[in-house]
Amino acid sequence: MIRGGRGIELKSPSQFLAMRRAGLVVERALTQTIAAAKPGATTQDLNDVAADVIASAGATPSFLNYGAGPSMPGFPGVVCISVNEVIVHGIPGDRVLQEGDLVSIDCGAIIDGWHGDAARTCFVGEPAAELAELSRVTEEALWRGISAVRRGGRVRDIGAAIDDWVSEQERTYGIVTEFVGHGIGSAMHQVPDVPNFRHSGRSPKIVPGMALAIEPMLTLGDPSNVTLEDEWTVVTRDSSPAAHWEHTVAVTDTGLWILTAPDGGEEMLTKRGLPFGPLGD
Ligand code: MG
Ligand code: MG
């Protein structure tokens with residue numbers, strides 16, 4: 001394993017190709033899970049859809065039993081399903097989805113030891129306009145962050161771009177600061193941290209071989225939050241809704257490759273004048 005500065009894992013082309021396979025499983029699992037987010041479905045039903053997609057692809061879910069330790073139960077689901085005021089790490093269960101619910105689904109999968117990680121926010125039926133806008137602004141925050149990934153730039157440029165985009169909005173949105181993006185590869189969570197806000201100080205240089213999971217979380221109200229007694233579910237203190245979008249982004253020799261986007265990010269990157277740098281055939 002090649003290690004870059006500060007222990008950052010740099011991937012070979014074949015390792016990126018394995019991550020791409022994992023990323024495409026995650027993409028399919030999210031797409032099918034979102035299609036199942038109908039009124040009357042439980043969050044467990046959605047979890048089971050994702051579990052089927054991952055198993056039938058011969059992949060392993062990254063989240064199931066994640067974090068298990070002496071004082072901590074492992075995560076009990078295959079996906080995190082975070083409804084309305086839940087920001088992240090919602091545990092699938094008997095919660096019944098209702099018309100208008102905002103649902104953030106976070107999924108990770110492993111193939112040959114290599115991880116993909118992505119999240120999307122969707123709606124059950126028709127969302128209220130302000131919820132649709134919250135999700136749109138969060139998804140664009142993700143793409144602003146991705147657009148700041150440039151060779152020779154710094155990881156902190158990502159948070160600055162997200163912060164700037166959120167500040168530009170007429171409405172005030174909260175940026176969740178306690179949970180951040182991360183390096184990803186032979187483990188789901190690796191260095192470096194990828195904060196979703198502007199910060200100063202040292203920050204790793206962006207070089208080919210890096211893979212980063214970029215994942216802004218925005219709230220309609222105050223972003224301060226609390227973890228429930230189940231030790232996983234993170235909710236806003238003011239019960240305001242939150243949205244969450246995430247992609248796994250590879251930095252290749254020729255540009256960016258969005259490992260969890262069906263087209264590898266070609267359309268969005270090209271539209272923004274950014275180099276699309278896929279590997280393989
Ligand atoms: Mg995730
Ligand atoms: Mg992640």
# chains A, B, ... in the order shown; residues from 1 in each chain; ligands from 1
call {"tool": "closest_atom_pairs", "arguments": {"of": "chain A", "to": "ligand 2", "cutoff": "6 Å", "atoms": "only C-alpha atoms and all ligand atoms", "output": "tab-separated table"}}
result
residue	atom	partner	partner_atom_place_in_ligand_line	distance
A:Asp117	CA	ligand 2	1 (Mg)	5.5
A:Gly181	CA	ligand 2	1 (Mg)	5.7
A:Ala213	CA	ligand 2	1 (Mg)	5.4
call {"tool": "write_last_selection", "arguments": {"atoms": "C-alpha atoms", "output": "CSV table (one decimal), in the first residue's frame"}}
result
chain,number,residue,atom,x,y,z
A,117,ASP,CA,-19.9,5.3,0.2
A,181,GLY,CA,-16.4,13.7,5.0
A,213,ALA,CA,-16.0,10.9,0.5
call {"tool": "residues_near_ligand", "arguments": {"ligand": "ligand 1", "cutoff": "7 Å", "atoms": "only C-alpha atoms and all ligand atoms", "output": "list of chain:residue names"}}
result
A:Asp106, A:Cys107, A:Gly108, A:Asp117, A:Ala118, A:Ala119, A:Glu246
call {"tool": "residues_around", "arguments": {"residues": "Val166 (chain A)", "least_positions_apart": "5", "cutoff": "10 Å", "atoms": "only C-alpha atoms", "output": "ChimeraX atom specification"}}
result
/A:137-138,140-141,144,160-161,171-175,197,218
call {"tool": "atom_distance", "arguments": {"atom1": "CA of Ser56 (chain A)", "atom2": "CA of Pro76 (chain A)"}}
result
19.8 Å
call {"tool": "residues_around", "arguments": {"residues": "Phe179 (chain A)", "least_positions_apart": "4", "cutoff": "9 Å", "atoms": "only C-alpha atoms", "output": "list in words"}}
result
Val88, Pro195, Asn196, Glu215, Pro216 and Met217 of chain A
call {"tool": "write_last_selection", "arguments": {"atoms": "N, CA and C atoms", "output": "JSON list (two decimals), in the first residue's frame"}}
result
[["chain", "number", "residue", "atom", "x", "y", "z"],
["A", 88, "VAL", "N", -28.18, 12.20, 10.44],
["A", 88, "VAL", "CA", -27.45, 11.01, 9.94],
["A", 88, "VAL", "C", -27.63, 9.86, 10.91],
["A", 195, "PRO", "N", -13.94, 18.44, 6.29],
["A", 195, "PRO", "CA", -15.00, 19.26, 6.89],
["A", 195, "PRO", "C", -15.82, 19.99, 5.82],
["A", 196, "ASN", "N", -17.05, 20.30, 6.18],
["A", 196, "ASN", "CA", -17.97, 20.98, 5.26],
["A", 196, "ASN", "C", -18.04, 22.49, 5.52],
["A", 215, "GLU", "N", -19.40, 14.86, 1.90],
["A", 215, "GLU", "CA", -20.77, 14.64, 2.35],
["A", 215, "GLU", "C", -21.35, 15.77, 3.20],
["A", 216, "PRO", "N", -21.74, 16.87, 2.55],
["A", 216, "PRO", "CA", -22.36, 17.95, 3.32],
["A", 216, "PRO", "C", -23.72, 17.56, 3.90],
["A", 217, "MET", "N", -23.97, 18.05, 5.11],
["A", 217, "MET", "CA", -25.26, 17.90, 5.79],
["A", 217, "MET", "C", -25.74, 19.30, 6.16]]
call {"tool": "closest_residue", "arguments": {"among": "A:Val180, A:Ala148, A:Asp45, A:Val103", "to": "Ser135 (chain A)", "atoms": "only C-alpha atoms"}}
result
A:Val103
call {"tool": "select_by_dssp", "arguments": {"residues": "region 138-217 of chain A", "states": "strand (DSSP E or B)", "output": "list in words"}}
result
Arg154, Gly174, Ile175, Gly181, His182, Gly183, Gln190, Val191, Pro192, Asp193, Val194, Lys205, Ala211, Leu212, Ala213, Ile214 and Met217 of chain A
call {"tool": "write_last_selection", "arguments": {"atoms": "C-alpha atoms", "output": "PDB file, in the first residue's frame"}}
result
ATOM      1  CA  ARG A 154      -5.811  21.507  -0.472  1.00  0.00           C
ATOM      2  CA  GLY A 174     -27.155  25.379   9.071  1.00  0.00           C
ATOM      3  CA  ILE A 175     -23.976  23.450   8.254  1.00  0.00           C
ATOM      4  CA  GLY A 181     -16.369  13.701   4.962  1.00  0.00           C
ATOM      5  CA  HIS A 182     -13.363  11.434   4.952  1.00  0.00           C
ATOM      6  CA  GLY A 183     -10.719   9.564   3.058  1.00  0.00           C
ATOM      7  CA  GLN A 190      -9.795   7.095   6.669  1.00  0.00           C
ATOM      8  CA  VAL A 191      -7.732  10.245   6.984  1.00  0.00           C
ATOM      9  CA  PRO A 192      -8.042  12.988   6.010  1.00  0.00           C
ATOM     10  CA  ASP A 193     -11.178  14.489   7.516  1.00  0.00           C
ATOM     11  CA  VAL A 194     -13.092  16.555   4.967  1.00  0.00           C
ATOM     12  CA  LYS A 205      -2.430  18.633  -0.588  1.00  0.00           C
ATOM     13  CA  ALA A 211     -10.196   9.053  -2.733  1.00  0.00           C
ATOM     14  CA  LEU A 212     -12.444  11.306  -0.681  1.00  0.00           C
ATOM     15  CA  ALA A 213     -16.019  10.867   0.494  1.00  0.00           C
ATOM     16  CA  ILE A 214     -17.519  14.361   0.413  1.00  0.00           C
ATOM     17  CA  MET A 217     -25.261  17.901   5.785  1.00  0.00           C
TER      18      MET A 217
END
